[in-house]
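Raw input-v9.txt, compact mmCIF, C-alpha atoms:
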```txt
# COMPACT_ATOMS: atom_id res chain seq x y z
CA MET P 1 -16.38 -18.38 21.81
CA VAL P 2 -14.97 -17.85 25.27
CA VAL P 3 -18.48 -17.31 26.49
CA ALA P 4 -19.58 -20.48 24.73
CA ALA P 5 -16.59 -22.33 26.12
CA ALA P 6 -17.42 -21.22 29.64
CA GLU P 7 -21.00 -22.37 29.56
CA ARG P 8 -20.84 -26.13 29.77
CA SER P 9 -24.56 -26.42 29.40
CA GLU P 10 -24.18 -25.35 25.79
CA PRO P 11 -23.71 -28.40 23.58
CA GLU P 12 -20.94 -26.81 21.57
CA SER P 13 -18.94 -25.61 24.58
CA ASP P 14 -16.51 -28.54 24.72
CA GLN P 15 -15.76 -28.18 21.05
CA ALA P 16 -15.36 -24.41 21.41
CA LEU P 17 -12.75 -24.82 24.13
CA ALA P 18 -10.95 -27.61 22.30
CA SER P 19 -10.75 -25.44 19.19
CA LEU P 20 -9.16 -22.59 21.12
CA CYS P 21 -6.70 -24.99 22.77
CA GLU P 22 -5.71 -26.54 19.48
CA LEU P 23 -5.03 -23.12 18.04
CA TYR P 24 -3.14 -21.40 20.83
CA TRP P 25 -1.31 -24.26 22.58
CA PRO P 26 2.09 -23.35 21.02
CA ALA P 27 2.08 -20.11 23.01
CA LEU P 28 1.82 -22.04 26.28
CA TYR P 29 4.36 -24.57 25.12
CA GLY P 30 6.73 -21.70 24.33
CA TYR P 31 6.22 -20.43 27.85
CA VAL P 32 7.04 -23.71 29.55
CA ARG P 33 9.93 -24.45 27.19
CA ARG P 34 11.53 -21.26 28.35
CA ARG P 35 11.15 -22.33 31.96
CA VAL P 36 11.95 -26.04 31.67
CA VAL P 37 15.28 -27.28 30.36
CA ASP P 38 14.04 -30.68 29.25
CA ALA P 39 11.91 -30.51 26.11
CA HIS P 40 10.20 -33.80 26.85
CA GLU P 41 9.12 -32.58 30.27
CA ALA P 42 7.79 -29.37 28.75
CA GLN P 43 5.76 -31.39 26.28
CA GLU P 44 4.32 -33.59 29.00
CA LEU P 45 3.38 -30.60 31.11
CA THR P 46 1.69 -28.93 28.16
CA LEU P 47 -0.33 -32.03 27.32
CA ALA P 48 -1.22 -32.64 30.96
CA PHE P 49 -2.40 -29.07 31.39
CA PHE P 50 -4.70 -29.20 28.40
CA ALA P 51 -6.02 -32.59 29.42
CA GLU P 52 -6.87 -31.20 32.84
CA LEU P 53 -8.28 -28.02 31.35
CA LEU P 54 -10.68 -29.97 29.20
CA GLU P 55 -11.54 -32.61 31.78
CA LYS P 56 -12.00 -30.42 34.80
CA ASN P 57 -13.63 -27.51 33.06
CA TYR P 58 -11.19 -24.85 34.28
CA ILE P 59 -13.00 -22.19 32.35
CA GLY P 60 -16.24 -22.95 34.13
CA ASP P 61 -14.38 -22.97 37.45
CA ALA P 62 -13.04 -19.55 36.68
CA ASP P 63 -16.43 -18.08 37.45
CA ARG P 64 -17.37 -17.33 33.88
CA GLN P 65 -13.97 -15.80 33.36
CA ARG P 66 -14.15 -12.24 32.20
CA GLY P 67 -11.47 -10.59 30.16
CA ARG P 68 -9.03 -12.04 27.77
CA PHE P 69 -8.68 -15.74 27.16
CA ARG P 70 -4.98 -15.08 26.60
CA SER P 71 -4.55 -13.79 30.17
CA PHE P 72 -6.77 -16.46 31.66
CA LEU P 73 -4.89 -19.28 29.96
CA ILE P 74 -1.43 -18.21 31.13
CA THR P 75 -2.70 -17.66 34.68
CA ALA P 76 -4.27 -21.11 34.76
CA PHE P 77 -1.10 -22.61 33.31
CA LYS P 78 1.12 -20.97 35.92
CA HIS P 79 -1.15 -22.28 38.64
CA PHE P 80 -1.05 -25.73 37.11
CA LEU P 81 2.76 -25.68 36.83
CA SER P 82 3.33 -24.67 40.42
CA LYS P 83 0.98 -27.41 41.50
CA GLU P 84 2.74 -29.94 39.30
CA TRP P 85 6.18 -28.97 40.48
CA ASP P 86 5.07 -29.49 44.05
CA LYS P 87 4.25 -33.11 43.26
CA ALA P 88 6.68 -35.94 42.81
CA LYS P 89 7.84 -35.95 39.22
CA ALA P 90 7.67 -39.71 38.89
CA GLN P 91 3.91 -39.85 38.70
CA ASN P 92 2.09 -40.56 35.53
CA ARG P 93 1.07 -37.29 34.05
CA GLY P 94 -2.14 -36.94 32.19
CA GLY P 95 -3.10 -40.57 31.80
CA GLY P 96 -6.01 -39.70 29.59
CA HIS P 97 -4.72 -37.10 27.20
CA ARG P 98 -7.88 -37.40 25.21
CA THR P 99 -7.69 -36.62 21.58
CA LEU P 100 -5.34 -33.66 21.61
CA SER P 101 -2.45 -34.09 19.28
CA PHE P 102 0.25 -31.45 19.27
CA ASP P 103 3.11 -31.21 16.83
CA PHE P 104 5.87 -30.26 19.25
CA GLN P 105 8.62 -30.58 16.68
CA LYS P 106 6.96 -28.01 14.48
CA ALA P 107 6.36 -25.77 17.48
CA ASP P 108 9.99 -26.01 18.52
CA SER P 109 11.20 -24.91 15.11
CA SER P 110 8.68 -22.10 15.05
CA ILE P 111 9.30 -20.79 18.53
CA ARG P 112 13.08 -21.19 18.54
CA ILE P 113 13.45 -21.86 22.20
CA GLU P 114 17.24 -21.98 22.33
CA PRO P 115 18.33 -19.96 25.37
CA THR P 116 20.62 -17.78 23.31
CA SER P 117 18.05 -16.98 20.64
CA SER P 118 16.44 -14.12 22.49
CA THR P 119 16.28 -12.31 25.77
CA LEU P 120 12.51 -12.60 26.11
CA THR P 121 11.05 -13.82 29.36
CA ALA P 122 8.77 -16.85 29.31
CA GLU P 123 5.70 -14.63 29.55
CA GLN P 124 6.87 -12.28 26.80
CA LEU P 125 7.51 -15.33 24.63
CA TYR P 126 3.98 -16.51 25.35
CA ASP P 127 2.38 -13.23 24.25
CA ARG P 128 4.57 -13.03 21.20
CA GLU P 129 3.75 -16.57 20.13
CA TRP P 130 0.08 -15.86 20.73
CA ALA P 131 0.26 -12.88 18.36
CA MET P 132 2.05 -14.93 15.71
CA THR P 133 -0.51 -17.73 16.02
CA LEU P 134 -3.38 -15.26 15.70
CA LEU P 135 -1.91 -13.62 12.60
CA SER P 136 -0.99 -16.94 11.00
CA ARG P 137 -4.49 -18.25 11.59
CA THR P 138 -6.01 -15.08 10.07
CA MET P 139 -3.78 -15.26 7.00
CA GLU P 140 -4.59 -18.97 6.59
CA ARG P 141 -8.30 -18.16 6.57
CA LEU P 142 -7.73 -15.36 4.07
CA GLN P 143 -5.81 -17.74 1.85
CA LYS P 144 -8.54 -20.35 2.16
CA GLN P 145 -11.10 -17.83 0.99
CA ALA P 146 -8.91 -17.05 -2.01
CA ASN P 147 -8.66 -20.77 -2.77
CA GLU P 148 -12.41 -21.10 -2.70
CA ARG P 149 -12.77 -18.19 -5.10
CA GLN P 150 -10.03 -19.61 -7.32
CA GLN P 151 -7.98 -16.47 -6.82
CA VAL P 152 -4.85 -18.07 -5.42
CA ILE P 153 -2.40 -16.40 -7.78
CA GLN P 154 -3.97 -13.00 -7.27
CA PHE P 155 -3.92 -13.50 -3.50
CA GLU P 156 -0.29 -14.57 -3.47
CA THR P 157 0.66 -11.56 -5.61
CA ILE P 158 -1.19 -8.86 -3.72
CA LYS P 159 -1.19 -10.10 -0.11
CA ARG P 160 2.00 -8.19 0.66
CA PHE P 161 0.15 -4.92 -0.10
CA LEU P 162 -2.09 -5.57 2.89
CA ILE P 163 0.38 -3.66 5.01
CA GLY P 164 1.06 -0.81 2.55
CA GLU P 165 2.23 0.18 -0.89
CA ARG P 166 5.96 0.24 -0.27
CA GLN P 167 6.59 -3.17 -1.75
CA PRO P 168 9.25 -4.01 -4.34
CA GLY P 169 7.87 -3.19 -7.78
CA GLY P 170 4.78 -1.59 -6.28
CA TYR P 171 1.31 -1.88 -7.80
CA ARG P 172 2.72 -1.60 -11.31
CA ALA P 173 4.69 -4.85 -11.07
CA ALA P 174 1.68 -6.62 -9.56
CA ALA P 175 -0.56 -5.27 -12.32
CA GLU P 176 1.82 -6.49 -15.04
CA CYS P 177 2.15 -9.87 -13.37
CA LEU P 178 -1.60 -10.39 -13.18
CA GLY P 179 -2.54 -8.66 -16.46
CA MET P 180 -4.66 -6.15 -14.58
CA THR P 181 -4.66 -2.36 -14.39
CA GLU P 182 -3.11 -0.63 -11.41
CA VAL P 183 -6.54 0.71 -10.50
CA ALA P 184 -7.94 -2.82 -10.46
CA ILE P 185 -5.04 -3.97 -8.27
CA ARG P 186 -5.64 -1.10 -5.88
CA GLN P 187 -9.30 -2.06 -5.62
CA ALA P 188 -8.47 -5.73 -5.10
CA VAL P 189 -6.04 -4.81 -2.31
CA SER P 190 -8.64 -2.62 -0.69
CA ARG P 191 -11.15 -5.48 -0.71
CA LEU P 192 -8.56 -7.91 0.61
CA ARG P 193 -7.64 -5.55 3.43
CA LYS P 194 -11.27 -5.24 4.48
CA GLU P 195 -11.60 -9.02 4.49
CA TYR P 196 -8.40 -9.32 6.49
CA GLN P 197 -9.59 -6.81 9.06
CA LYS P 198 -12.90 -8.61 9.39
CA LEU P 199 -11.23 -11.98 9.91
CA LEU P 200 -8.68 -10.60 12.37
CA HIS P 201 -11.43 -8.99 14.41
CA GLU P 202 -13.42 -12.23 14.31
CA GLU P 203 -10.45 -14.25 15.54
CA ILE P 204 -9.71 -11.87 18.40
CA ALA P 205 -13.39 -11.63 19.32
CA GLU P 206 -13.25 -15.34 20.09
CA THR P 207 -10.68 -14.77 22.82
CA VAL P 208 -12.05 -11.68 24.55
CA SER P 209 -15.27 -11.24 26.47
CA SER P 210 -16.66 -8.36 24.42
CA SER P 211 -16.10 -6.86 21.01
CA ASP P 212 -15.08 -3.59 22.68
CA GLU P 213 -11.83 -5.25 23.72
CA VAL P 214 -10.73 -6.25 20.23
CA GLU P 215 -8.87 -3.05 19.34
CA ASP P 216 -7.22 -2.96 22.76
CA GLU P 217 -6.06 -6.54 22.31
CA ILE P 218 -4.48 -5.58 18.99
CA HIS P 219 -2.57 -2.79 20.74
CA LYS P 220 -1.42 -5.15 23.51
CA LEU P 221 -0.26 -7.78 21.04
CA PHE P 222 1.55 -5.10 19.05
CA GLN P 223 3.41 -4.13 22.21
CA SER P 224 4.37 -7.76 22.78
CA LEU P 225 6.00 -7.84 19.35
CA GLU P 226 7.95 -4.68 20.08
CA LEU P 227 9.95 -6.38 22.83
CA MET L 228 12.18 -12.97 0.57
CA THR L 229 14.02 -9.98 1.99
CA ASN L 230 14.78 -10.10 5.68
CA GLU L 231 13.51 -6.62 6.33
CA CYS L 232 9.98 -5.27 6.12
CA PRO L 233 9.73 -2.76 3.25
CA GLU L 234 7.14 -0.78 5.21
CA CYS L 235 8.63 -0.43 8.68
CA GLN L 236 12.20 -1.68 8.09
CA ARG L 237 11.99 -4.01 11.07
CA PRO L 238 13.70 -7.37 10.58
CA LEU L 239 11.25 -10.02 9.42
CA PRO L 240 10.97 -12.92 11.87
CA HIS L 241 11.64 -16.38 10.46
CA ASN L 242 8.03 -17.38 11.11
CA ALA L 243 6.40 -14.21 9.77
CA PRO L 244 2.74 -14.99 8.97
CA ALA L 245 2.48 -15.62 5.21
CA GLY L 246 5.93 -14.03 4.99
CA ILE L 247 4.51 -10.63 6.02
CA CYS L 248 5.73 -8.40 8.85
CA PRO L 249 3.61 -9.17 11.95
CA HIS L 250 3.91 -5.61 13.28
CA CYS L 251 2.48 -4.15 10.10
CA LEU L 252 -0.19 -6.85 9.90
CA LEU L 253 -1.46 -5.90 13.34
CA LEU L 254 -1.46 -2.23 12.37
CA ALA L 255 -3.32 -3.08 9.17
CA GLY L 256 -5.99 -4.61 11.40
CA LEU L 257 -6.46 -1.22 13.02
CA GLN L 258 -6.63 0.79 9.85
CA LYS L 259 -10.40 0.77 9.80
CA GLU L 260 -10.29 3.49 12.41
CA SER L 261 -7.17 5.34 11.46
CA SER L 262 -8.43 5.86 7.90
CA ASN L 263 -11.62 7.40 9.19
CA VAL L 264 -12.62 10.30 6.92
CA ASN L 265 -13.46 12.32 10.00
CA SER L 266 -9.82 12.34 10.94
CA PRO L 267 -8.98 16.00 11.60
CA THR L 268 -5.77 15.69 9.62
CA LEU L 269 -7.73 14.93 6.46
CA ILE L 270 -9.87 18.06 6.55
CA GLN L 271 -8.18 21.22 5.37
CA GLN L 272 -9.81 24.27 6.87
CA PRO L 273 -10.06 27.11 4.29
CA GLN L 274 -7.87 30.08 4.89
CA PRO L 275 -9.74 33.28 5.77
CA LEU L 276 -9.97 35.59 2.77
CA SER L 277 -9.67 39.35 2.57
CA VAL L 278 -10.70 41.99 0.03
CA GLU L 279 -7.02 42.64 -0.58
CA SER L 280 -6.28 39.04 -1.44
CA LEU L 281 -9.23 38.75 -3.85
CA SER L 282 -8.88 42.02 -5.73
CA PRO L 283 -5.91 41.02 -7.94
CA LEU L 284 -7.89 37.99 -9.16
CA PHE L 285 -10.76 40.05 -10.63
CA GLU L 286 -9.19 43.03 -12.25
CA GLN L 287 -12.34 44.04 -14.15
CA LEU L 288 -14.42 44.15 -10.97
CA GLU L 289 -14.20 46.14 -7.84
CA ILE L 290 -14.66 44.11 -4.69
CA LEU L 291 -16.50 46.34 -2.29
CA GLU L 292 -16.72 44.07 0.72
CA LEU L 293 -16.60 40.47 1.85
CA LEU L 294 -20.08 39.36 2.91
CA GLY L 295 -19.32 35.89 4.18
CA GLN L 296 -17.67 32.56 3.66
CA GLY L 297 -19.63 29.52 2.41
CA GLY L 298 -18.70 25.96 1.68
CA MET L 299 -18.01 26.76 -1.98
CA GLY L 300 -16.07 29.94 -1.33
CA PRO L 301 -16.45 33.62 -0.36
CA PHE L 302 -19.51 35.79 -0.98
CA THR L 303 -18.58 39.30 -2.06
CA LYS L 304 -20.32 42.55 -2.87
CA LEU L 305 -19.06 43.66 -6.24
CA GLY L 306 -19.03 46.88 -8.24
CA ARG L 307 -17.76 47.59 -11.77
CA SER L 308 -14.41 49.19 -12.03
CA SER L 309 -14.27 52.42 -14.01
CA TRP L 310 -14.97 51.80 -17.69
CA ILE L 311 -12.23 52.40 -20.13
CA VAL L 312 -13.60 54.83 -22.63
```
Structure translated into structure tokens:
Amino acid sequence: MVVAAAERSEPESDQALASLCELYWPALYGYVRRRVVDAHEAQELTLAFFAELLEKNYIGDADRQRGRFRSFLITAFKHFLSKEWDKAKAQNRGGGHRTLSFDFQKADSSIRIEPTSSTLTAEQLYDREWAMTLLSRTMERLQKQANERQQVIQFETIKRFLIGERQPGGYRAAAECLGMTEVAIRQAVSRLRKEYQKLLHEEIAETVSSSDEVEDEIHKLFQSLEL
Amino acid sequence: MTNECPECQRPLPHNAPAGICPHCLLLAGLQKESSNVNSPTLIQQPQPLSVESLSPLFEQLEILELLGQGGMGPFTKLGRSSWIV
């Protein structure tokens, strides 16, 4: 999608970029909230940045940006912030904020910006929030698939086995709960894990310039969570 | 919900995706490669056999020599042990 977003001649490029912005904006907001004391100012800066990004085609300006969208976005945001902070603060920011609508209250409760809540730097917070957004998005898509297949209860019962078998009650409890055999549960988990991996790779592939970078991005995001 | 991941024992963040540990979820995304059947740790190389180690297993036969080692096991040249009359 980054490629699509960078090529303005493509009819779907605007939508591609808007979709990425609507998904990952909380990571940038987390970054600026860590750097700006006033929440309202942080919100205005976030909105103004995205308005400018969409209106001025930053991605196109970035010479068909190669590499990760995650890195590009934070670099562009830093540049935007330094430019903004050089200006007089009284000006009207982002007069035409277009159609973007961000739920800052929800983002605040998710990110937990309070200065005492963690020792992460603004950039570390950005990467961490990006990882959480990516995983939440992937799990939402997985859940949506389960809804469409009318397997909501099964999904809710076995999703925790995606990460391994060491769950309270193990496969036996899940099997009893769903009236299935343990073998059937094991198979269902295996299928779910494959679906999850496919969706996760799809989501990451939309933010990197080639599929070769997907696994590396997973490693980098893992490191961001370790901090 | 417990506040610790049962897999890795890390504390679960308040906004854990679908209530699942984000560390382990990322690792689960990598498992396609780590569970590769070609992983050297999954292949047990057979131990080299000797005439001495095989002889006690076939008391009625005399193992003359070890000819080779195949995928299904060792090839041996056999002779009958002395008949009990």
When the cut-off is 6 Å and we count all atoms listed in the file, which residues of chain L are near chain P, given as a PyMOL selection string?
-> chain L and resi 233-234+244+251-252+255-256
Distance query 12 Å from (-2.9, -26.6, 35.4) using all atoms listed in the file, result as a PyMOL selection string = chain P and resi 28+32+44-59+72-85+93-94
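Note that the spacing between atom CA of P:Asn147 and atom CA of P:Leu178 amounts to 16.3 Å.
From atom CA of P:Tyr126 back to atom CA of P:Lys220, the distance works out to 12.7 Å.
Counting from atom CA of P:Glu129, the distance to atom CA of L:His241 is 12.5 Å.
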